[in-house]
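Pasting entry-v9.txt here (compact mmCIF, C-alpha atoms):
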```
# COMPACT_ATOMS: atom_id res chain seq x y z
CA ILE A 260 7.62 -33.36 15.37
CA ILE A 261 6.31 -29.93 14.42
CA LEU A 262 3.06 -31.36 13.05
CA LYS A 263 2.48 -33.41 16.23
CA LYS A 264 3.21 -30.37 18.43
CA ALA A 265 0.99 -28.07 16.37
CA ILE A 266 -1.95 -30.51 16.49
CA GLU A 267 -1.54 -30.95 20.24
CA ASP A 268 -1.25 -27.20 20.89
CA ARG A 269 -4.32 -26.57 18.78
CA ARG A 270 -6.29 -29.27 20.60
CA GLN A 271 -5.50 -27.60 23.96
CA SER A 272 -6.18 -24.10 22.67
CA PRO A 273 -9.39 -22.15 23.26
CA ARG A 274 -9.68 -22.11 19.43
CA PRO A 275 -9.28 -25.78 18.46
CA ASN A 276 -10.47 -25.18 14.89
CA VAL A 277 -7.79 -22.62 14.04
CA CYS A 278 -6.09 -23.27 10.71
CA LEU A 279 -2.46 -24.41 10.95
CA PHE A 280 -0.06 -23.25 8.24
CA LEU A 281 3.15 -25.29 8.25
CA ASN A 282 6.11 -24.82 5.91
CA LEU A 283 6.97 -27.90 3.92
CA SER A 284 10.57 -28.52 2.92
CA GLY A 285 11.43 -29.41 -0.64
CA LYS A 286 13.03 -32.56 0.78
CA ALA A 287 9.56 -33.86 1.63
CA PHE A 288 8.93 -34.58 -2.06
CA HIS A 289 11.58 -37.26 -2.05
CA ASP A 290 10.77 -38.69 1.38
CA ASN A 291 8.09 -41.41 1.40
CA GLU A 292 8.65 -41.77 5.13
CA PHE A 293 7.55 -38.15 5.62
CA ILE A 294 4.27 -38.82 3.82
CA GLU A 295 3.63 -42.05 5.75
CA ASP A 296 4.51 -40.41 9.08
CA THR A 297 2.22 -37.47 8.33
CA MET A 298 -0.70 -39.76 7.51
CA ARG A 299 -0.05 -41.81 10.66
CA ILE A 300 0.02 -38.65 12.80
CA LEU A 301 -3.26 -37.51 11.29
CA ASP A 302 -4.82 -40.93 11.86
CA GLU A 303 -3.59 -41.03 15.48
CA GLY A 304 -4.91 -37.54 16.11
CA GLN A 305 -8.27 -38.49 14.64
CA GLN A 306 -8.03 -35.54 12.28
CA SER A 307 -11.15 -35.09 10.20
CA LYS A 308 -11.28 -34.32 6.49
CA ASP A 309 -11.66 -30.65 7.48
CA SER A 310 -8.48 -30.76 9.55
CA ASN A 311 -7.56 -27.12 8.77
CA ILE A 312 -3.94 -28.04 8.15
CA VAL A 313 -2.21 -26.26 5.28
CA PHE A 314 1.23 -27.19 4.06
CA GLU A 315 3.07 -24.28 2.47
CA ILE A 316 5.60 -24.83 -0.27
CA THR A 317 7.54 -21.96 -1.78
CA GLU A 318 7.35 -21.37 -5.48
CA ARG A 319 11.14 -21.82 -5.69
CA GLU A 320 10.89 -25.32 -4.16
CA ALA A 321 7.80 -26.35 -6.14
CA VAL A 322 9.25 -25.55 -9.56
CA PRO A 323 12.13 -28.06 -9.66
CA ASN A 324 9.96 -30.68 -7.92
CA ILE A 325 6.72 -30.18 -9.84
CA THR A 326 6.45 -33.82 -10.93
CA GLU A 327 6.80 -34.99 -7.31
CA PHE A 328 4.59 -32.25 -5.93
CA ILE A 329 1.47 -33.12 -7.96
CA PRO A 330 1.06 -36.70 -6.59
CA LEU A 331 1.99 -35.50 -3.09
CA ILE A 332 -0.93 -33.06 -3.17
CA ASP A 333 -3.31 -35.79 -4.32
CA LYS A 334 -2.15 -38.24 -1.65
CA MET A 335 -2.23 -35.74 1.24
CA ARG A 336 -5.53 -34.18 0.19
CA LYS A 337 -7.24 -37.49 1.05
CA TYR A 338 -6.37 -36.66 4.65
CA GLY A 339 -7.88 -33.21 4.50
CA ILE A 340 -4.54 -31.47 4.00
CA ARG A 341 -4.64 -28.30 1.92
CA PHE A 342 -1.70 -26.71 0.16
CA ALA A 343 -0.48 -23.13 -0.23
CA LEU A 344 1.93 -21.91 -2.86
CA ASP A 345 4.08 -19.52 -0.83
CA ASP A 346 5.96 -16.45 -2.10
CA PHE A 347 3.87 -16.48 -5.28
CA GLY A 348 5.16 -14.04 -7.87
CA SER A 349 8.82 -14.40 -6.95
CA GLY A 350 9.53 -16.52 -10.06
CA PHE A 351 9.46 -15.42 -13.65
CA SER A 352 6.79 -17.87 -14.81
CA SER A 353 4.56 -17.93 -11.74
CA PHE A 354 1.18 -18.06 -13.42
CA ILE A 355 1.92 -21.31 -15.23
CA TYR A 356 2.09 -23.07 -11.85
CA LEU A 357 -1.54 -22.26 -11.16
CA LYS A 358 -2.36 -24.34 -14.22
CA TYR A 359 -0.43 -27.42 -13.09
CA LEU A 360 -0.35 -27.27 -9.29
CA ASP A 361 -3.70 -27.93 -7.67
CA VAL A 362 -2.98 -25.83 -4.59
CA ASP A 363 -5.77 -24.33 -2.49
CA ILE A 364 -4.10 -21.10 -1.45
CA VAL A 365 -1.81 -18.60 -3.18
CA LYS A 366 0.35 -16.54 -0.84
CA ILE A 367 1.32 -13.32 -2.59
CA ASP A 368 4.99 -12.57 -2.14
CA GLY A 369 5.68 -9.77 0.36
CA ALA A 370 7.93 -8.03 -2.17
CA PHE A 371 4.75 -6.93 -3.97
CA VAL A 372 2.79 -6.15 -0.80
CA LYS A 373 5.18 -4.19 1.41
CA ASN A 374 5.29 -1.09 -0.82
CA ILE A 375 1.80 -1.34 -2.29
CA ALA A 376 0.73 2.00 -0.76
CA ALA A 377 3.57 3.81 -2.54
CA SER A 378 3.85 1.81 -5.74
CA TYR A 379 1.02 1.52 -8.22
CA LYS A 380 3.07 -1.12 -10.05
CA ASP A 381 2.99 -3.32 -6.94
CA GLU A 382 -0.76 -2.77 -6.66
CA ILE A 383 -1.18 -3.89 -10.28
CA PHE A 384 0.80 -7.08 -9.60
CA VAL A 385 -1.19 -7.87 -6.46
CA ARG A 386 -4.50 -7.15 -8.18
CA HIS A 387 -3.69 -9.44 -11.11
CA ILE A 388 -2.30 -12.23 -8.93
CA HIS A 389 -5.47 -12.06 -6.84
CA GLU A 390 -7.82 -11.97 -9.85
CA ILE A 391 -6.17 -14.90 -11.64
CA SER A 392 -6.03 -16.90 -8.42
CA LYS A 393 -9.70 -16.14 -7.80
CA GLU A 394 -10.59 -17.29 -11.34
CA PHE A 395 -8.88 -20.61 -10.54
CA GLY A 396 -10.86 -20.89 -7.29
CA LYS A 397 -7.89 -20.20 -5.01
CA ILE A 398 -7.81 -18.32 -1.72
CA THR A 399 -5.28 -15.47 -1.67
CA VAL A 400 -3.11 -14.44 1.27
CA ALA A 401 -1.04 -11.25 1.22
CA GLU A 402 2.25 -11.51 3.09
CA TYR A 403 4.09 -8.63 4.79
CA VAL A 404 1.11 -6.47 5.84
CA GLU A 405 2.79 -3.87 8.04
CA ASP A 406 0.25 -1.03 8.30
CA GLU A 407 -3.42 -0.09 8.06
CA GLU A 408 -3.04 1.62 4.68
CA THR A 409 -1.66 -1.56 3.10
CA LEU A 410 -4.45 -3.60 4.68
CA GLY A 411 -7.05 -1.17 3.28
CA ILE A 412 -5.67 -1.46 -0.26
CA LEU A 413 -5.67 -5.26 0.00
CA LYS A 414 -9.27 -5.23 1.22
CA ASN A 415 -10.26 -3.02 -1.74
CA ILE A 416 -8.56 -5.45 -4.13
CA GLY A 417 -10.43 -8.33 -2.50
CA VAL A 418 -7.48 -10.34 -1.19
CA THR A 419 -8.95 -13.06 1.03
CA LEU A 420 -6.49 -13.11 3.97
CA ALA A 421 -3.46 -11.20 5.19
CA GLN A 422 -0.49 -11.82 7.43
CA GLY A 423 2.12 -9.48 8.84
CA TYR A 424 3.19 -7.55 11.92
CA HIS A 425 0.27 -5.13 11.58
CA LEU A 426 -2.04 -8.05 12.33
CA GLY A 427 0.10 -9.74 14.96
CA ARG A 428 3.54 -11.05 15.76
CA PRO A 429 4.33 -14.72 15.18
CA GLY A 430 4.24 -16.84 18.28
CA ASP A 431 4.92 -20.35 19.39
CA LYS A 432 1.44 -20.83 20.84
CA ILE A 433 -1.95 -20.77 19.21
CA LEU A 434 -4.04 -17.89 20.46
```
In structure tokens, how does this file's structure come out?
Amino acid sequence: IILKKAIEDRRQSPRPNVCLFLNLSGKAFHDNEFIEDTMRILDEGQQSKDSNIVFEITEREAVPNITEFIPLIDKMRKYGIRFALDDFGSGFSSFIYLKYLDVDIVKIDGAFVKNIAASYKDEIFVRHIHEISKEFGKITVAEYVEDEETLGILKNIGVTLAQGYHLGRPGDKIL
């Protein structure tokens, strides 16, 4: 339902090529009907291979489902779907997932971003997450960007994208 609504809202928006980031539940890994329904929705909507749809999965949900997640990525990628590993860095063995999960985007956990201006340790974490992700050819997104100073530090590090209240409040309509 959310995917259908998002595609329709985007189609009617003045920016029909905007990228849609949708959270994916861990239950989706065990639900063949979800995968089939998603592919049908994309077919019905005549979504192209560059559909600009990104499914986000949290690191905590990906870890216990890693064997199901890998084929899901392969299957959905044929429909132009990209994947983001959300809340990256929240687990103890995060970097190993970049080796096994062929995600397109790494979303850096807000716990490292929100105090980056006051904590050099947080800056070190963000810098290394970004650099390793970049070496693997991944786009990085910093979560929890709440002020201009934080945004400036992230730009200096080279983080690709940012999200947070400093950049805009979440809404139910595509701008």
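Straight-line separation from atom CA of A:Ile416 to atom CA of A:Ile383: 9.7 Å.
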At a cut-off of 12 Å around the point (-1.6, -21.9, -3.1) (file coordinates), what residues fall inside when counting only C-alpha atoms? I'd like the answer as a ChimeraX atom specification.
/A:280,313-318,321,332,341-348,353-354,356-368,388-389,391-393,395-401
Rounded to one decimal place, report the atom CA of A:Ala421-atom CA of A:Tyr403 distance in Å.
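Atom CA of A:Ala421 sits 8.0 Å away from atom CA of A:Tyr403.
Checking A:Leu420, A:Asn282, A:Ser378, A:Asn311 one by one against A:Ile340, counting only C-alpha atoms, you find the shortest gap at A:Asn311.
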Nearby residues, (0.6, 0.6, -1.7) file frame, 10 Å, all atoms listed in the file, as a PyMOL selection string:
chain A and resi 371-383+385+408-413
Quick check, in Å to one decimal: how far apart do atom CA of A:Thr297 and atom CA of A:Thr419 lie?
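Those two atoms sit 27.8 Å apart.
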Which residues, written as a JSON list (two decimals) with C-alpha atoms, in the coordinates of the input, have at least one atom at most 12 Å from A:Glu327, with only C-alpha atoms counted and residues fewer than 6 positions away on the same chain left out?
```
[["chain", "number", "residue", "atom", "x", "y", "z"],
["A", 285, "GLY", "CA", 11.43, -29.41, -0.64],
["A", 286, "LYS", "CA", 13.03, -32.56, 0.78],
["A", 287, "ALA", "CA", 9.56, -33.86, 1.63],
["A", 288, "PHE", "CA", 8.93, -34.58, -2.06],
["A", 289, "HIS", "CA", 11.58, -37.26, -2.05],
["A", 290, "ASP", "CA", 10.77, -38.69, 1.38],
["A", 291, "ASN", "CA", 8.09, -41.41, 1.40],
["A", 320, "GLU", "CA", 10.89, -25.32, -4.16],
["A", 321, "ALA", "CA", 7.80, -26.35, -6.14],
["A", 333, "ASP", "CA", -3.31, -35.79, -4.32],
["A", 334, "LYS", "CA", -2.15, -38.24, -1.65],
["A", 359, "TYR", "CA", -0.43, -27.42, -13.09],
["A", 360, "LEU", "CA", -0.35, -27.27, -9.29]]
```
May I ask you to restore N, CA, C and O atoms in stretch 276-299 of chain A and write the result as a PDB file, keeping the file's coordinate frame?
```pdb
ATOM      1  N   ASN A 276     -10.251 -25.074  16.333  1.00  0.00           N
ATOM      2  CA  ASN A 276     -10.470 -25.180  14.890  1.00  0.00           C
ATOM      3  C   ASN A 276      -9.611 -24.222  14.076  1.00  0.00           C
ATOM      4  O   ASN A 276      -9.809 -24.085  12.879  1.00  0.00           O
ATOM      5  N   VAL A 277      -8.659 -23.554  14.740  1.00  0.00           N
ATOM      6  CA  VAL A 277      -7.790 -22.620  14.040  1.00  0.00           C
ATOM      7  C   VAL A 277      -7.026 -23.363  12.940  1.00  0.00           C
ATOM      8  O   VAL A 277      -6.696 -24.530  13.063  1.00  0.00           O
ATOM      9  N   CYS A 278      -6.791 -22.685  11.845  1.00  0.00           N
ATOM     10  CA  CYS A 278      -6.090 -23.270  10.710  1.00  0.00           C
ATOM     11  C   CYS A 278      -4.579 -23.209  10.951  1.00  0.00           C
ATOM     12  O   CYS A 278      -4.048 -22.161  11.300  1.00  0.00           O
ATOM     13  N   LEU A 279      -3.903 -24.331  10.773  1.00  0.00           N
ATOM     14  CA  LEU A 279      -2.460 -24.410  10.950  1.00  0.00           C
ATOM     15  C   LEU A 279      -1.773 -24.329   9.596  1.00  0.00           C
ATOM     16  O   LEU A 279      -2.055 -25.120   8.705  1.00  0.00           O
ATOM     17  N   PHE A 280      -0.869 -23.371   9.444  1.00  0.00           N
ATOM     18  CA  PHE A 280      -0.060 -23.250   8.240  1.00  0.00           C
ATOM     19  C   PHE A 280       1.354 -23.695   8.598  1.00  0.00           C
ATOM     20  O   PHE A 280       1.983 -23.082   9.452  1.00  0.00           O
ATOM     21  N   LEU A 281       1.831 -24.746   7.953  1.00  0.00           N
ATOM     22  CA  LEU A 281       3.150 -25.290   8.250  1.00  0.00           C
ATOM     23  C   LEU A 281       3.992 -25.316   6.975  1.00  0.00           C
ATOM     24  O   LEU A 281       3.535 -25.800   5.929  1.00  0.00           O
ATOM     25  N   ASN A 282       5.207 -24.808   7.065  1.00  0.00           N
ATOM     26  CA  ASN A 282       6.110 -24.820   5.910  1.00  0.00           C
ATOM     27  C   ASN A 282       6.576 -26.235   5.624  1.00  0.00           C
ATOM     28  O   ASN A 282       6.931 -26.972   6.539  1.00  0.00           O
ATOM     29  N   LEU A 283       6.566 -26.580   4.354  1.00  0.00           N
ATOM     30  CA  LEU A 283       6.970 -27.900   3.920  1.00  0.00           C
ATOM     31  C   LEU A 283       8.286 -27.781   3.160  1.00  0.00           C
ATOM     32  O   LEU A 283       8.394 -27.001   2.223  1.00  0.00           O
ATOM     33  N   SER A 284       9.261 -28.540   3.569  1.00  0.00           N
ATOM     34  CA  SER A 284      10.570 -28.520   2.920  1.00  0.00           C
ATOM     35  C   SER A 284      10.502 -29.208   1.569  1.00  0.00           C
ATOM     36  O   SER A 284       9.749 -30.166   1.382  1.00  0.00           O
ATOM     37  N   GLY A 285      11.325 -28.759   0.657  1.00  0.00           N
ATOM     38  CA  GLY A 285      11.430 -29.410  -0.640  1.00  0.00           C
ATOM     39  C   GLY A 285      11.886 -30.851  -0.524  1.00  0.00           C
ATOM     40  O   GLY A 285      11.601 -31.682  -1.385  1.00  0.00           O
ATOM     41  N   LYS A 286      12.574 -31.190   0.556  1.00  0.00           N
ATOM     42  CA  LYS A 286      13.030 -32.560   0.780  1.00  0.00           C
ATOM     43  C   LYS A 286      11.861 -33.524   0.954  1.00  0.00           C
ATOM     44  O   LYS A 286      11.996 -34.714   0.702  1.00  0.00           O
ATOM     45  N   ALA A 287      10.725 -33.011   1.390  1.00  0.00           N
ATOM     46  CA  ALA A 287       9.560 -33.860   1.630  1.00  0.00           C
ATOM     47  C   ALA A 287       9.097 -34.566   0.363  1.00  0.00           C
ATOM     48  O   ALA A 287       8.515 -35.651   0.425  1.00  0.00           O
ATOM     49  N   PHE A 288       9.363 -33.980  -0.793  1.00  0.00           N
ATOM     50  CA  PHE A 288       8.930 -34.580  -2.060  1.00  0.00           C
ATOM     51  C   PHE A 288       9.609 -35.907  -2.323  1.00  0.00           C
ATOM     52  O   PHE A 288       9.078 -36.741  -3.043  1.00  0.00           O
ATOM     53  N   HIS A 289      10.790 -36.063  -1.788  1.00  0.00           N
ATOM     54  CA  HIS A 289      11.580 -37.260  -2.050  1.00  0.00           C
ATOM     55  C   HIS A 289      11.557 -38.217  -0.859  1.00  0.00           C
ATOM     56  O   HIS A 289      12.284 -39.205  -0.866  1.00  0.00           O
ATOM     57  N   ASP A 290      10.740 -37.943   0.130  1.00  0.00           N
ATOM     58  CA  ASP A 290      10.770 -38.690   1.380  1.00  0.00           C
ATOM     59  C   ASP A 290       9.425 -39.388   1.620  1.00  0.00           C
ATOM     60  O   ASP A 290       8.500 -38.804   2.177  1.00  0.00           O
ATOM     61  N   ASN A 291       9.326 -40.646   1.192  1.00  0.00           N
ATOM     62  CA  ASN A 291       8.090 -41.410   1.400  1.00  0.00           C
ATOM     63  C   ASN A 291       7.794 -41.583   2.883  1.00  0.00           C
ATOM     64  O   ASN A 291       6.640 -41.657   3.286  1.00  0.00           O
ATOM     65  N   GLU A 292       8.839 -41.638   3.693  1.00  0.00           N
ATOM     66  CA  GLU A 292       8.650 -41.770   5.130  1.00  0.00           C
ATOM     67  C   GLU A 292       7.919 -40.556   5.710  1.00  0.00           C
ATOM     68  O   GLU A 292       7.072 -40.686   6.584  1.00  0.00           O
ATOM     69  N   PHE A 293       8.239 -39.375   5.178  1.00  0.00           N
ATOM     70  CA  PHE A 293       7.550 -38.150   5.620  1.00  0.00           C
ATOM     71  C   PHE A 293       6.039 -38.264   5.369  1.00  0.00           C
ATOM     72  O   PHE A 293       5.233 -37.972   6.234  1.00  0.00           O
ATOM     73  N   ILE A 294       5.686 -38.713   4.180  1.00  0.00           N
ATOM     74  CA  ILE A 294       4.270 -38.820   3.820  1.00  0.00           C
ATOM     75  C   ILE A 294       3.584 -39.850   4.723  1.00  0.00           C
ATOM     76  O   ILE A 294       2.505 -39.599   5.272  1.00  0.00           O
ATOM     77  N   GLU A 295       4.207 -41.004   4.894  1.00  0.00           N
ATOM     78  CA  GLU A 295       3.630 -42.050   5.750  1.00  0.00           C
ATOM     79  C   GLU A 295       3.508 -41.574   7.193  1.00  0.00           C
ATOM     80  O   GLU A 295       2.493 -41.815   7.852  1.00  0.00           O
ATOM     81  N   ASP A 296       4.559 -40.919   7.710  1.00  0.00           N
ATOM     82  CA  ASP A 296       4.510 -40.410   9.080  1.00  0.00           C
ATOM     83  C   ASP A 296       3.404 -39.371   9.250  1.00  0.00           C
ATOM     84  O   ASP A 296       2.692 -39.363  10.258  1.00  0.00           O
ATOM     85  N   THR A 297       3.255 -38.502   8.267  1.00  0.00           N
ATOM     86  CA  THR A 297       2.220 -37.470   8.330  1.00  0.00           C
ATOM     87  C   THR A 297       0.839 -38.112   8.372  1.00  0.00           C
ATOM     88  O   THR A 297      -0.009 -37.741   9.196  1.00  0.00           O
ATOM     89  N   MET A 298       0.603 -39.084   7.517  1.00  0.00           N
ATOM     90  CA  MET A 298      -0.700 -39.760   7.510  1.00  0.00           C
ATOM     91  C   MET A 298      -0.947 -40.500   8.817  1.00  0.00           C
ATOM     92  O   MET A 298      -2.063 -40.489   9.343  1.00  0.00           O
ATOM     93  N   ARG A 299       0.092 -41.116   9.378  1.00  0.00           N
ATOM     94  CA  ARG A 299      -0.050 -41.810  10.660  1.00  0.00           C
ATOM     95  C   ARG A 299      -0.394 -40.818  11.764  1.00  0.00           C
ATOM     96  O   ARG A 299      -1.279 -41.071  12.581  1.00  0.00           O
TER      97      ARG A 299
END
```
